[in-house]
Amino acid sequence: MWKNFCDAFYLNFIKEDRWHYIADGLAVTLQITLLAALLGIAIGLIVGIIRTTYEKTRKLKVLNFFCTVYLTVIRGTPIVVQLLIMYFVIFGNSRIDKVPVAVLAFGINSGAYVAEIFRSGINSVDGGQMEAGRSLGFNYLETMLYIVLPQAFKNVLPTLCNEFIALLKETSVVGYIALQDLTKGGDIIRSRTYSSFMPLIAVAMIYLILVMILSHLIGILERRLKRSER
């Protein structure tokens, strides 16, 4: 049994340096996840502020309309379909690299969910904070930037980290545009060796380890935030 395991390990990972498919795929997965998360936070923050401003002041009506349409469309359609539209329709006639396309697709998708996270975080801040800022001479935007948003960001930080974990796992579908991520790397090994168990289990274990590490870091962050509130 041990000999069979060693032979399978050699065939799937050592022979012809097939472990490079996993390593290179992991690098692509982490790159897409990190850049898409940053883009999603930027989009989500802007959309969240617009939506909250409209709810509180009834201003920015036109922008709020477009934000509502954006949230409805993005949250109402699968990420795989959005990725395919981004690659084959929007950038179908260009020779753009696949990684920026994936980052854009996942960033736009993540931004829709992050926007609602920020909106709930802003609404969780006591309304008296806005009144206090205005009484100090700040306008609405300055009060939002210097008083409300720092508190809202602190409230939603653990939820944002959980969105990052979800985004990490969602990137496993980039193989649909022939981009070699972690999942695609395992699938390439499977197609070369005709052995499904070991490469796919290796991919699953790597995802699991990454999620466990991130979950542990989130736990540490939540404990520190709770201590800072005392």
# chains A, B, ... in the order shown; residues from 1 in each chain; ligands from 1

$ residues_around --residues "region 209-211 of chain A" --least-positions-apart "6" --cutoff "9 Å" --atoms "only C-alpha atoms" --output "list of chain:residue names"
A:Ile165, A:Leu168, A:Lys169

$ residues_around --residues "Val148 (chain A)" --least-positions-apart "6" --cutoff "12 Å" --atoms "only C-alpha atoms" --output "list in words"
Ile49, Thr52, Thr53, Phe118, Arg119, Gly121, Ile122, Asn123, Ser124, Val125, Asp126, Gly127, Gly128, Gln129, Met130, Glu131, Ala132, Gly133, Arg134, Phe138, Tyr140, Leu141, Glu142, Lys154 and Asn155 of chain A

$ residues_around --residues "region 100-114 of chain A" --least-positions-apart "6" --cutoff "10 Å" --atoms "only C-alpha atoms" --output "PDB file with N, CA, C and O atoms, in the first residue's frame"
ATOM      1  N   GLN A  31      -2.864  35.676  -6.618  1.00  0.00           N
ATOM      2  CA  GLN A  31      -2.773  36.976  -7.291  1.00  0.00           C
ATOM      3  C   GLN A  31      -4.163  37.501  -7.646  1.00  0.00           C
ATOM      4  O   GLN A  31      -4.486  38.663  -7.370  1.00  0.00           O
ATOM      5  N   ILE A  32      -4.980  36.651  -8.236  1.00  0.00           N
ATOM      6  CA  ILE A  32      -6.334  37.061  -8.619  1.00  0.00           C
ATOM      7  C   ILE A  32      -7.147  37.415  -7.385  1.00  0.00           C
ATOM      8  O   ILE A  32      -7.865  38.425  -7.362  1.00  0.00           O
ATOM      9  N   THR A  33      -7.039  36.598  -6.345  1.00  0.00           N
ATOM     10  CA  THR A  33      -7.817  36.834  -5.130  1.00  0.00           C
ATOM     11  C   THR A  33      -7.460  38.163  -4.489  1.00  0.00           C
ATOM     12  O   THR A  33      -8.342  38.950  -4.120  1.00  0.00           O
ATOM     13  N   LEU A  34      -6.171  38.433  -4.344  1.00  0.00           N
ATOM     14  CA  LEU A  34      -5.724  39.665  -3.687  1.00  0.00           C
ATOM     15  C   LEU A  34      -6.138  40.908  -4.478  1.00  0.00           C
ATOM     16  O   LEU A  34      -6.715  41.852  -3.921  1.00  0.00           O
ATOM     17  N   LEU A  35      -5.865  40.909  -5.789  1.00  0.00           N
ATOM     18  CA  LEU A  35      -6.193  42.076  -6.602  1.00  0.00           C
ATOM     19  C   LEU A  35      -7.698  42.279  -6.718  1.00  0.00           C
ATOM     20  O   LEU A  35      -8.190  43.414  -6.668  1.00  0.00           O
ATOM     21  N   ALA A  36      -8.442  41.184  -6.860  1.00  0.00           N
ATOM     22  CA  ALA A  36      -9.900  41.286  -6.946  1.00  0.00           C
ATOM     23  C   ALA A  36     -10.489  41.778  -5.632  1.00  0.00           C
ATOM     24  O   ALA A  36     -11.466  42.539  -5.623  1.00  0.00           O
ATOM     25  N   ALA A  37      -9.894  41.358  -4.508  1.00  0.00           N
ATOM     26  CA  ALA A  37     -10.375  41.824  -3.203  1.00  0.00           C
ATOM     27  C   ALA A  37     -10.170  43.330  -3.058  1.00  0.00           C
ATOM     28  O   ALA A  37     -11.058  44.040  -2.582  1.00  0.00           O
ATOM     29  N   LEU A  38      -9.012  43.830  -3.479  1.00  0.00           N
ATOM     30  CA  LEU A  38      -8.744  45.274  -3.410  1.00  0.00           C
ATOM     31  C   LEU A  38      -9.710  46.048  -4.303  1.00  0.00           C
ATOM     32  O   LEU A  38     -10.247  47.095  -3.904  1.00  0.00           O
ATOM     33  N   LEU A  39      -9.934  45.538  -5.517  1.00  0.00           N
ATOM     34  CA  LEU A  39     -10.883  46.187  -6.424  1.00  0.00           C
ATOM     35  C   LEU A  39     -12.291  46.138  -5.856  1.00  0.00           C
ATOM     36  O   LEU A  39     -13.035  47.137  -5.935  1.00  0.00           O
ATOM     37  N   GLY A  40     -12.661  44.997  -5.285  1.00  0.00           N
ATOM     38  CA  GLY A  40     -13.996  44.857  -4.701  1.00  0.00           C
ATOM     39  C   GLY A  40     -14.219  45.799  -3.533  1.00  0.00           C
ATOM     40  O   GLY A  40     -15.310  46.365  -3.387  1.00  0.00           O
ATOM     41  N   ILE A  41     -13.185  45.995  -2.722  1.00  0.00           N
ATOM     42  CA  ILE A  41     -13.306  46.924  -1.589  1.00  0.00           C
ATOM     43  C   ILE A  41     -13.490  48.349  -2.092  1.00  0.00           C
ATOM     44  O   ILE A  41     -14.310  49.111  -1.566  1.00  0.00           O
ATOM     45  N   ALA A  42     -12.735  48.722  -3.118  1.00  0.00           N
ATOM     46  CA  ALA A  42     -12.852  50.073  -3.676  1.00  0.00           C
ATOM     47  C   ALA A  42     -14.248  50.312  -4.250  1.00  0.00           C
ATOM     48  O   ALA A  42     -14.891  51.338  -3.966  1.00  0.00           O
ATOM     49  N   ILE A  43     -14.715  49.360  -5.053  1.00  0.00           N
ATOM     50  CA  ILE A  43     -16.051  49.497  -5.640  1.00  0.00           C
ATOM     51  C   ILE A  43     -17.119  49.472  -4.557  1.00  0.00           C
ATOM     52  O   ILE A  43     -18.049  50.293  -4.544  1.00  0.00           O
ATOM     53  N   GLY A  44     -16.991  48.527  -3.634  1.00  0.00           N
ATOM     54  CA  GLY A  44     -17.986  48.389  -2.576  1.00  0.00           C
ATOM     55  C   GLY A  44     -18.078  49.611  -1.688  1.00  0.00           C
ATOM     56  O   GLY A  44     -19.176  50.007  -1.265  1.00  0.00           O
ATOM     57  N   LEU A  45     -16.929  50.222  -1.410  1.00  0.00           N
ATOM     58  CA  LEU A  45     -16.928  51.419  -0.569  1.00  0.00           C
ATOM     59  C   LEU A  45     -17.661  52.568  -1.252  1.00  0.00           C
ATOM     60  O   LEU A  45     -18.491  53.248  -0.630  1.00  0.00           O
ATOM     61  N   ILE A  46     -17.386  52.761  -2.535  1.00  0.00           N
ATOM     62  CA  ILE A  46     -18.049  53.838  -3.277  1.00  0.00           C
ATOM     63  C   ILE A  46     -19.555  53.597  -3.370  1.00  0.00           C
ATOM     64  O   ILE A  46     -20.366  54.496  -3.091  1.00  0.00           O
ATOM     65  N   VAL A  47     -19.931  52.387  -3.749  1.00  0.00           N
ATOM     66  CA  VAL A  47     -21.356  52.071  -3.883  1.00  0.00           C
ATOM     67  C   VAL A  47     -22.050  52.147  -2.534  1.00  0.00           C
ATOM     68  O   VAL A  47     -23.180  52.659  -2.429  1.00  0.00           O
ATOM     69  N   GLY A  48     -21.396  51.652  -1.489  1.00  0.00           N
ATOM     70  CA  GLY A  48     -21.990  51.699  -0.157  1.00  0.00           C
ATOM     71  C   GLY A  48     -22.236  53.121   0.321  1.00  0.00           C
ATOM     72  O   GLY A  48     -23.276  53.419   0.913  1.00  0.00           O
ATOM     73  N   CYS A  67     -26.401  52.270  -9.031  1.00  0.00           N
ATOM     74  CA  CYS A  67     -25.868  51.342  -8.033  1.00  0.00           C
ATOM     75  C   CYS A  67     -26.851  50.215  -7.744  1.00  0.00           C
ATOM     76  O   CYS A  67     -26.452  49.054  -7.588  1.00  0.00           O
ATOM     77  N   THR A  68     -28.133  50.541  -7.695  1.00  0.00           N
ATOM     78  CA  THR A  68     -29.157  49.524  -7.457  1.00  0.00           C
ATOM     79  C   THR A  68     -29.216  48.527  -8.603  1.00  0.00           C
ATOM     80  O   THR A  68     -29.328  47.311  -8.393  1.00  0.00           O
ATOM     81  N   TYR A  70     -26.737  47.860 -10.642  1.00  0.00           N
ATOM     82  CA  TYR A  70     -25.484  47.092 -10.536  1.00  0.00           C
ATOM     83  C   TYR A  70     -25.605  45.967  -9.520  1.00  0.00           C
ATOM     84  O   TYR A  70     -25.248  44.813  -9.801  1.00  0.00           O
ATOM     85  N   LEU A  71     -26.126  46.261  -8.346  1.00  0.00           N
ATOM     86  CA  LEU A  71     -26.270  45.247  -7.303  1.00  0.00           C
ATOM     87  C   LEU A  71     -27.241  44.157  -7.729  1.00  0.00           C
ATOM     88  O   LEU A  71     -27.005  42.965  -7.489  1.00  0.00           O
ATOM     89  N   THR A  72     -28.329  44.553  -8.371  1.00  0.00           N
ATOM     90  CA  THR A  72     -29.332  43.574  -8.796  1.00  0.00           C
ATOM     91  C   THR A  72     -28.779  42.617  -9.839  1.00  0.00           C
ATOM     92  O   THR A  72     -28.951  41.400  -9.745  1.00  0.00           O
ATOM     93  N   VAL A  73     -28.068  43.171 -10.823  1.00  0.00           N
ATOM     94  CA  VAL A  73     -27.540  42.344 -11.907  1.00  0.00           C
ATOM     95  C   VAL A  73     -26.419  41.441 -11.414  1.00  0.00           C
ATOM     96  O   VAL A  73     -26.407  40.228 -11.688  1.00  0.00           O
ATOM     97  N   ILE A  74     -25.480  41.996 -10.681  1.00  0.00           N
ATOM     98  CA  ILE A  74     -24.313  41.226 -10.254  1.00  0.00           C
ATOM     99  C   ILE A  74     -24.694  40.149  -9.250  1.00  0.00           C
ATOM    100  O   ILE A  74     -24.237  38.998  -9.345  1.00  0.00           O
ATOM    101  N   ARG A  75     -25.539  40.480  -8.284  1.00  0.00           N
ATOM    102  CA  ARG A  75     -25.921  39.479  -7.280  1.00  0.00           C
ATOM    103  C   ARG A  75     -26.953  38.496  -7.808  1.00  0.00           C
ATOM    104  O   ARG A  75     -27.166  37.448  -7.209  1.00  0.00           O
ATOM    105  N   THR A  77     -26.847  37.086 -10.943  1.00  0.00           N
ATOM    106  CA  THR A  77     -26.306  36.202 -11.980  1.00  0.00           C
ATOM    107  C   THR A  77     -25.069  35.476 -11.457  1.00  0.00           C
ATOM    108  O   THR A  77     -24.333  36.013 -10.629  1.00  0.00           O
ATOM    109  N   PRO A  78     -24.823  34.258 -11.939  1.00  0.00           N
ATOM    110  CA  PRO A  78     -23.673  33.474 -11.446  1.00  0.00           C
ATOM    111  C   PRO A  78     -22.343  34.108 -11.850  1.00  0.00           C
ATOM    112  O   PRO A  78     -22.227  34.702 -12.927  1.00  0.00           O
ATOM    113  N   ILE A  79     -21.358  33.947 -11.004  1.00  0.00           N
ATOM    114  CA  ILE A  79     -20.033  34.481 -11.275  1.00  0.00           C
ATOM    115  C   ILE A  79     -19.417  33.841 -12.515  1.00  0.00           C
ATOM    116  O   ILE A  79     -18.686  34.495 -13.264  1.00  0.00           O
ATOM    117  N   VAL A  80     -19.736  32.571 -12.772  1.00  0.00           N
ATOM    118  CA  VAL A  80     -19.190  31.907 -13.958  1.00  0.00           C
ATOM    119  C   VAL A  80     -19.689  32.599 -15.222  1.00  0.00           C
ATOM    120  O   VAL A  80     -18.917  32.848 -16.159  1.00  0.00           O
ATOM    121  N   VAL A  81     -20.966  32.933 -15.250  1.00  0.00           N
ATOM    122  CA  VAL A  81     -21.540  33.619 -16.412  1.00  0.00           C
ATOM    123  C   VAL A  81     -20.908  35.004 -16.572  1.00  0.00           C
ATOM    124  O   VAL A  81     -20.584  35.427 -17.690  1.00  0.00           O
ATOM    125  N   GLN A  82     -20.727  35.711 -15.470  1.00  0.00           N
ATOM    126  CA  GLN A  82     -20.099  37.030 -15.527  1.00  0.00           C
ATOM    127  C   GLN A  82     -18.673  36.933 -16.065  1.00  0.00           C
ATOM    128  O   GLN A  82     -18.230  37.773 -16.852  1.00  0.00           O
ATOM    129  N   LEU A  83     -17.942  35.918 -15.624  1.00  0.00           N
ATOM    130  CA  LEU A  83     -16.572  35.715 -16.086  1.00  0.00           C
ATOM    131  C   LEU A  83     -16.532  35.431 -17.582  1.00  0.00           C
ATOM    132  O   LEU A  83     -15.696  35.995 -18.313  1.00  0.00           O
ATOM    133  N   LEU A  84     -17.440  34.596 -18.051  1.00  0.00           N
ATOM    134  CA  LEU A  84     -17.481  34.260 -19.475  1.00  0.00           C
ATOM    135  C   LEU A  84     -17.874  35.475 -20.324  1.00  0.00           C
ATOM    136  O   LEU A  84     -17.318  35.691 -21.404  1.00  0.00           O
ATOM    137  N   ILE A  85     -18.831  36.258 -19.842  1.00  0.00           N
ATOM    138  CA  ILE A  85     -19.222  37.469 -20.560  1.00  0.00           C
ATOM    139  C   ILE A  85     -18.052  38.449 -20.619  1.00  0.00           C
ATOM    140  O   ILE A  85     -17.786  39.060 -21.664  1.00  0.00           O
ATOM    141  N   MET A  86     -17.351  38.587 -19.504  1.00  0.00           N
ATOM    142  CA  MET A  86     -16.217  39.508 -19.453  1.00  0.00           C
ATOM    143  C   MET A  86     -15.135  39.101 -20.456  1.00  0.00           C
ATOM    144  O   MET A  86     -14.568  39.963 -21.156  1.00  0.00           O
ATOM    145  N   TYR A  87     -14.867  37.808 -20.566  1.00  0.00           N
ATOM    146  CA  TYR A  87     -13.770  37.350 -21.414  1.00  0.00           C
ATOM    147  C   TYR A  87     -14.170  37.209 -22.880  1.00  0.00           C
ATOM    148  O   TYR A  87     -13.464  37.688 -23.775  1.00  0.00           O
ATOM    149  N   ILE A  90     -17.090  41.052 -23.681  1.00  0.00           N
ATOM    150  CA  ILE A  90     -16.551  42.399 -23.519  1.00  0.00           C
ATOM    151  C   ILE A  90     -15.130  42.508 -24.078  1.00  0.00           C
ATOM    152  O   ILE A  90     -14.789  43.464 -24.776  1.00  0.00           O
ATOM    153  N   PHE A  91     -14.278  41.512 -23.766  1.00  0.00           N
ATOM    154  CA  PHE A  91     -12.894  41.539 -24.259  1.00  0.00           C
ATOM    155  C   PHE A  91     -12.665  40.476 -25.331  1.00  0.00           C
ATOM    156  O   PHE A  91     -11.535  40.040 -25.541  1.00  0.00           O
ATOM    157  N   SER A 120     -24.284  48.188   5.586  1.00  0.00           N
ATOM    158  CA  SER A 120     -24.740  47.761   6.910  1.00  0.00           C
ATOM    159  C   SER A 120     -23.827  48.295   8.000  1.00  0.00           C
ATOM    160  O   SER A 120     -24.286  48.649   9.098  1.00  0.00           O
ATOM    161  N   VAL A 156     -17.146  46.175  10.294  1.00  0.00           N
ATOM    162  CA  VAL A 156     -17.334  45.190   9.219  1.00  0.00           C
ATOM    163  C   VAL A 156     -16.058  44.461   8.852  1.00  0.00           C
ATOM    164  O   VAL A 156     -16.081  43.615   7.953  1.00  0.00           O
ATOM    165  N   THR A 159     -16.259  40.677   8.715  1.00  0.00           N
ATOM    166  CA  THR A 159     -17.110  40.254   7.605  1.00  0.00           C
ATOM    167  C   THR A 159     -16.394  40.409   6.273  1.00  0.00           C
ATOM    168  O   THR A 159     -16.532  39.577   5.369  1.00  0.00           O
ATOM    169  N   LEU A 160     -15.604  41.469   6.134  1.00  0.00           N
ATOM    170  CA  LEU A 160     -14.809  41.660   4.918  1.00  0.00           C
ATOM    171  C   LEU A 160     -13.794  40.530   4.748  1.00  0.00           C
ATOM    172  O   LEU A 160     -13.561  40.055   3.633  1.00  0.00           O
ATOM    173  N   GLU A 163     -15.523  37.585   3.402  1.00  0.00           N
ATOM    174  CA  GLU A 163     -15.748  37.773   1.967  1.00  0.00           C
ATOM    175  C   GLU A 163     -14.481  37.438   1.184  1.00  0.00           C
ATOM    176  O   GLU A 163     -14.548  36.870   0.085  1.00  0.00           O
ATOM    177  N   PHE A 164     -13.317  37.744   1.760  1.00  0.00           N
ATOM    178  CA  PHE A 164     -12.049  37.406   1.126  1.00  0.00           C
ATOM    179  C   PHE A 164     -11.891  35.884   1.011  1.00  0.00           C
ATOM    180  O   PHE A 164     -11.412  35.377  -0.009  1.00  0.00           O
ATOM    181  N   ALA A 166     -14.401  33.704   0.848  1.00  0.00           N
ATOM    182  CA  ALA A 166     -15.350  33.271  -0.182  1.00  0.00           C
ATOM    183  C   ALA A 166     -14.795  33.560  -1.577  1.00  0.00           C
ATOM    184  O   ALA A 166     -14.931  32.741  -2.499  1.00  0.00           O
ATOM    185  N   LEU A 167     -14.156  34.703  -1.739  1.00  0.00           N
ATOM    186  CA  LEU A 167     -13.571  35.073  -3.020  1.00  0.00           C
ATOM    187  C   LEU A 167     -12.460  34.113  -3.417  1.00  0.00           C
ATOM    188  O   LEU A 167     -12.338  33.731  -4.586  1.00  0.00           O
ATOM    189  N   LEU A 168     -11.647  33.719  -2.446  1.00  0.00           N
ATOM    190  CA  LEU A 168     -10.569  32.765  -2.710  1.00  0.00           C
ATOM    191  C   LEU A 168     -11.111  31.480  -3.316  1.00  0.00           C
ATOM    192  O   LEU A 168     -10.559  30.952  -4.289  1.00  0.00           O
ATOM    193  N   GLU A 170     -14.079  31.094  -4.799  1.00  0.00           N
ATOM    194  CA  GLU A 170     -14.805  31.355  -6.046  1.00  0.00           C
ATOM    195  C   GLU A 170     -13.871  31.411  -7.249  1.00  0.00           C
ATOM    196  O   GLU A 170     -14.277  31.109  -8.373  1.00  0.00           O
ATOM    197  N   THR A 171     -12.616  31.776  -7.024  1.00  0.00           N
ATOM    198  CA  THR A 171     -11.677  31.878  -8.147  1.00  0.00           C
ATOM    199  C   THR A 171     -11.372  30.532  -8.784  1.00  0.00           C
ATOM    200  O   THR A 171     -10.719  30.481  -9.829  1.00  0.00           O
ATOM    201  N   VAL A 173     -13.123  28.834 -10.517  1.00  0.00           N
ATOM    202  CA  VAL A 173     -13.830  28.660 -11.790  1.00  0.00           C
ATOM    203  C   VAL A 173     -13.125  29.360 -12.945  1.00  0.00           C
ATOM    204  O   VAL A 173     -13.645  29.351 -14.067  1.00  0.00           O
ATOM    205  N   VAL A 174     -11.957  29.974 -12.709  1.00  0.00           N
ATOM    206  CA  VAL A 174     -11.287  30.700 -13.794  1.00  0.00           C
ATOM    207  C   VAL A 174     -10.811  29.765 -14.891  1.00  0.00           C
ATOM    208  O   VAL A 174     -10.450  30.223 -15.984  1.00  0.00           O
ATOM    209  N   ILE A 177     -12.059  30.048 -18.570  1.00  0.00           N
ATOM    210  CA  ILE A 177     -11.443  30.879 -19.612  1.00  0.00           C
ATOM    211  C   ILE A 177     -10.010  30.408 -19.871  1.00  0.00           C
ATOM    212  O   ILE A 177      -9.169  31.172 -20.346  1.00  0.00           O
ATOM    213  N   LEU A 179      -7.594  29.710 -17.898  1.00  0.00           N
ATOM    214  CA  LEU A 179      -6.550  30.295 -17.065  1.00  0.00           C
ATOM    215  C   LEU A 179      -6.091  29.250 -16.062  1.00  0.00           C
ATOM    216  O   LEU A 179      -6.910  28.625 -15.388  1.00  0.00           O
TER     217      LEU A 179
END

$ closest_residue --among "A:Gln151, A:Arg95, A:Arg51, A:Cys161" --to "Glu116 (chain A)" --atoms "only C-alpha atoms"
A:Arg51

$ select_by_dssp --residues "region 3-221 of chain A" --states "alpha helix (DSSP H)" --output "number ranges by chain"
A: 3-9, 19-57, 61-76, 79-84, 98-124, 127-135, 140-143, 149-170, 182-193, 197-221

$ residues_around --residues "region 4-14 of chain A" --least-positions-apart "4" --cutoff "8 Å" --atoms "only C-alpha atoms" --output "VMD selection string"
chain A and resid 18 to 19 189 to 190 193 195 198 to 199

$ atom_distance --atom1 "CA of Asp187 (chain A)" --atom2 "CA of Leu200 (chain A)"
7.2 Å

$ atom_distance --atom1 "CA of Lys98 (chain A)" --atom2 "CA of Thr183 (chain A)"
15.7 Å

$ closest_residue --among "A:Ile50, A:Ala204, A:Val99, A:Met1" --to "Gln180 (chain A)" --atoms "only C-alpha atoms"
A:Val99

$ atom_distance --atom1 "CA of Ile188 (chain A)" --atom2 "CA of Met205 (chain A)"
16.9 Å

$ decode --residues "region 133-217 of chain A" --atoms "C-alpha atoms" --output "PDB file, in the first residue's frame"
ATOM      1  CA  GLY A 133     -19.531  65.819  13.124  1.00  0.00           C
ATOM      2  CA  ARG A 134     -21.819  68.385  11.592  1.00  0.00           C
ATOM      3  CA  SER A 135     -21.869  70.324  14.846  1.00  0.00           C
ATOM      4  CA  LEU A 136     -18.058  70.477  14.710  1.00  0.00           C
ATOM      5  CA  GLY A 137     -18.247  72.225  11.356  1.00  0.00           C
ATOM      6  CA  PHE A 138     -17.648  69.249   9.062  1.00  0.00           C
ATOM      7  CA  ASN A 139     -19.764  68.910   5.939  1.00  0.00           C
ATOM      8  CA  TYR A 140     -21.482  65.617   5.106  1.00  0.00           C
ATOM      9  CA  LEU A 141     -18.555  64.163   3.148  1.00  0.00           C
ATOM     10  CA  GLU A 142     -15.962  65.128   5.763  1.00  0.00           C
ATOM     11  CA  THR A 143     -18.106  63.686   8.551  1.00  0.00           C
ATOM     12  CA  MET A 144     -18.482  60.455   6.580  1.00  0.00           C
ATOM     13  CA  LEU A 145     -14.740  60.179   5.857  1.00  0.00           C
ATOM     14  CA  TYR A 146     -13.310  61.191   9.241  1.00  0.00           C
ATOM     15  CA  ILE A 147     -15.931  60.016  11.741  1.00  0.00           C
ATOM     16  CA  VAL A 148     -18.419  57.503  10.350  1.00  0.00           C
ATOM     17  CA  LEU A 149     -16.334  55.383   7.964  1.00  0.00           C
ATOM     18  CA  PRO A 150     -13.515  54.552  10.443  1.00  0.00           C
ATOM     19  CA  GLN A 151     -16.097  53.202  12.894  1.00  0.00           C
ATOM     20  CA  ALA A 152     -18.014  51.392  10.152  1.00  0.00           C
ATOM     21  CA  PHE A 153     -14.822  49.814   8.799  1.00  0.00           C
ATOM     22  CA  LYS A 154     -13.957  48.508  12.242  1.00  0.00           C
ATOM     23  CA  ASN A 155     -17.441  46.988  12.565  1.00  0.00           C
ATOM     24  CA  VAL A 156     -17.334  45.190   9.219  1.00  0.00           C
ATOM     25  CA  LEU A 157     -13.673  44.157   9.130  1.00  0.00           C
ATOM     26  CA  PRO A 158     -14.307  40.523  10.182  1.00  0.00           C
ATOM     27  CA  THR A 159     -17.110  40.254   7.605  1.00  0.00           C
ATOM     28  CA  LEU A 160     -14.809  41.660   4.918  1.00  0.00           C
ATOM     29  CA  CYS A 161     -12.251  38.997   5.779  1.00  0.00           C
ATOM     30  CA  ASN A 162     -14.913  36.313   5.387  1.00  0.00           C
ATOM     31  CA  GLU A 163     -15.748  37.773   1.967  1.00  0.00           C
ATOM     32  CA  PHE A 164     -12.049  37.406   1.126  1.00  0.00           C
ATOM     33  CA  ILE A 165     -12.259  33.702   2.001  1.00  0.00           C
ATOM     34  CA  ALA A 166     -15.350  33.271  -0.182  1.00  0.00           C
ATOM     35  CA  LEU A 167     -13.571  35.073  -3.020  1.00  0.00           C
ATOM     36  CA  LEU A 168     -10.569  32.765  -2.710  1.00  0.00           C
ATOM     37  CA  LYS A 169     -12.784  29.727  -3.274  1.00  0.00           C
ATOM     38  CA  GLU A 170     -14.805  31.355  -6.046  1.00  0.00           C
ATOM     39  CA  THR A 171     -11.677  31.878  -8.147  1.00  0.00           C
ATOM     40  CA  SER A 172     -11.586  28.123  -8.741  1.00  0.00           C
ATOM     41  CA  VAL A 173     -13.830  28.660 -11.790  1.00  0.00           C
ATOM     42  CA  VAL A 174     -11.287  30.700 -13.794  1.00  0.00           C
ATOM     43  CA  GLY A 175     -10.456  27.513 -15.670  1.00  0.00           C
ATOM     44  CA  TYR A 176     -13.544  28.273 -17.773  1.00  0.00           C
ATOM     45  CA  ILE A 177     -11.443  30.879 -19.612  1.00  0.00           C
ATOM     46  CA  ALA A 178      -8.451  28.496 -19.800  1.00  0.00           C
ATOM     47  CA  LEU A 179      -6.550  30.295 -17.065  1.00  0.00           C
ATOM     48  CA  GLN A 180      -4.256  27.982 -15.119  1.00  0.00           C
ATOM     49  CA  ASP A 181      -5.121  28.529 -11.481  1.00  0.00           C
ATOM     50  CA  LEU A 182      -4.773  26.044  -8.632  1.00  0.00           C
ATOM     51  CA  THR A 183      -7.815  24.000  -9.639  1.00  0.00           C
ATOM     52  CA  LYS A 184      -6.838  23.972 -13.297  1.00  0.00           C
ATOM     53  CA  GLY A 185      -3.319  22.900 -12.353  1.00  0.00           C
ATOM     54  CA  GLY A 186      -4.690  19.840 -10.576  1.00  0.00           C
ATOM     55  CA  ASP A 187      -6.931  19.103 -13.544  1.00  0.00           C
ATOM     56  CA  ILE A 188      -3.973  19.267 -15.932  1.00  0.00           C
ATOM     57  CA  ILE A 189      -2.096  16.726 -13.820  1.00  0.00           C
ATOM     58  CA  ARG A 190      -5.183  14.488 -13.814  1.00  0.00           C
ATOM     59  CA  SER A 191      -5.388  14.659 -17.613  1.00  0.00           C
ATOM     60  CA  ARG A 192      -1.706  13.714 -17.939  1.00  0.00           C
ATOM     61  CA  THR A 193      -1.611  10.855 -15.450  1.00  0.00           C
ATOM     62  CA  TYR A 194      -5.230   9.609 -15.710  1.00  0.00           C
ATOM     63  CA  SER A 195      -5.181   9.607 -11.905  1.00  0.00           C
ATOM     64  CA  SER A 196      -7.913  11.711 -10.313  1.00  0.00           C
ATOM     65  CA  PHE A 197      -7.555  11.033  -6.602  1.00  0.00           C
ATOM     66  CA  MET A 198      -4.171  12.476  -5.693  1.00  0.00           C
ATOM     67  CA  PRO A 199      -4.088  15.743  -7.707  1.00  0.00           C
ATOM     68  CA  LEU A 200      -7.648  16.695  -6.795  1.00  0.00           C
ATOM     69  CA  ILE A 201      -7.162  15.823  -3.127  1.00  0.00           C
ATOM     70  CA  ALA A 202      -3.966  17.906  -3.148  1.00  0.00           C
ATOM     71  CA  VAL A 203      -5.875  20.882  -4.568  1.00  0.00           C
ATOM     72  CA  ALA A 204      -8.641  20.465  -1.993  1.00  0.00           C
ATOM     73  CA  MET A 205      -6.107  20.255   0.849  1.00  0.00           C
ATOM     74  CA  ILE A 206      -4.333  23.428  -0.285  1.00  0.00           C
ATOM     75  CA  TYR A 207      -7.629  25.334  -0.375  1.00  0.00           C
ATOM     76  CA  LEU A 208      -8.517  23.936   3.042  1.00  0.00           C
ATOM     77  CA  ILE A 209      -5.173  24.963   4.529  1.00  0.00           C
ATOM     78  CA  LEU A 210      -5.470  28.475   3.098  1.00  0.00           C
ATOM     79  CA  VAL A 211      -8.991  28.860   4.478  1.00  0.00           C
ATOM     80  CA  MET A 212      -7.942  27.536   7.892  1.00  0.00           C
ATOM     81  CA  ILE A 213      -5.049  30.016   8.037  1.00  0.00           C
ATOM     82  CA  LEU A 214      -7.295  32.917   7.053  1.00  0.00           C
ATOM     83  CA  SER A 215      -9.991  31.818   9.521  1.00  0.00           C
ATOM     84  CA  HIS A 216      -7.395  31.705  12.290  1.00  0.00           C
ATOM     85  CA  LEU A 217      -6.217  35.209  11.407  1.00  0.00           C
TER      86      LEU A 217
END
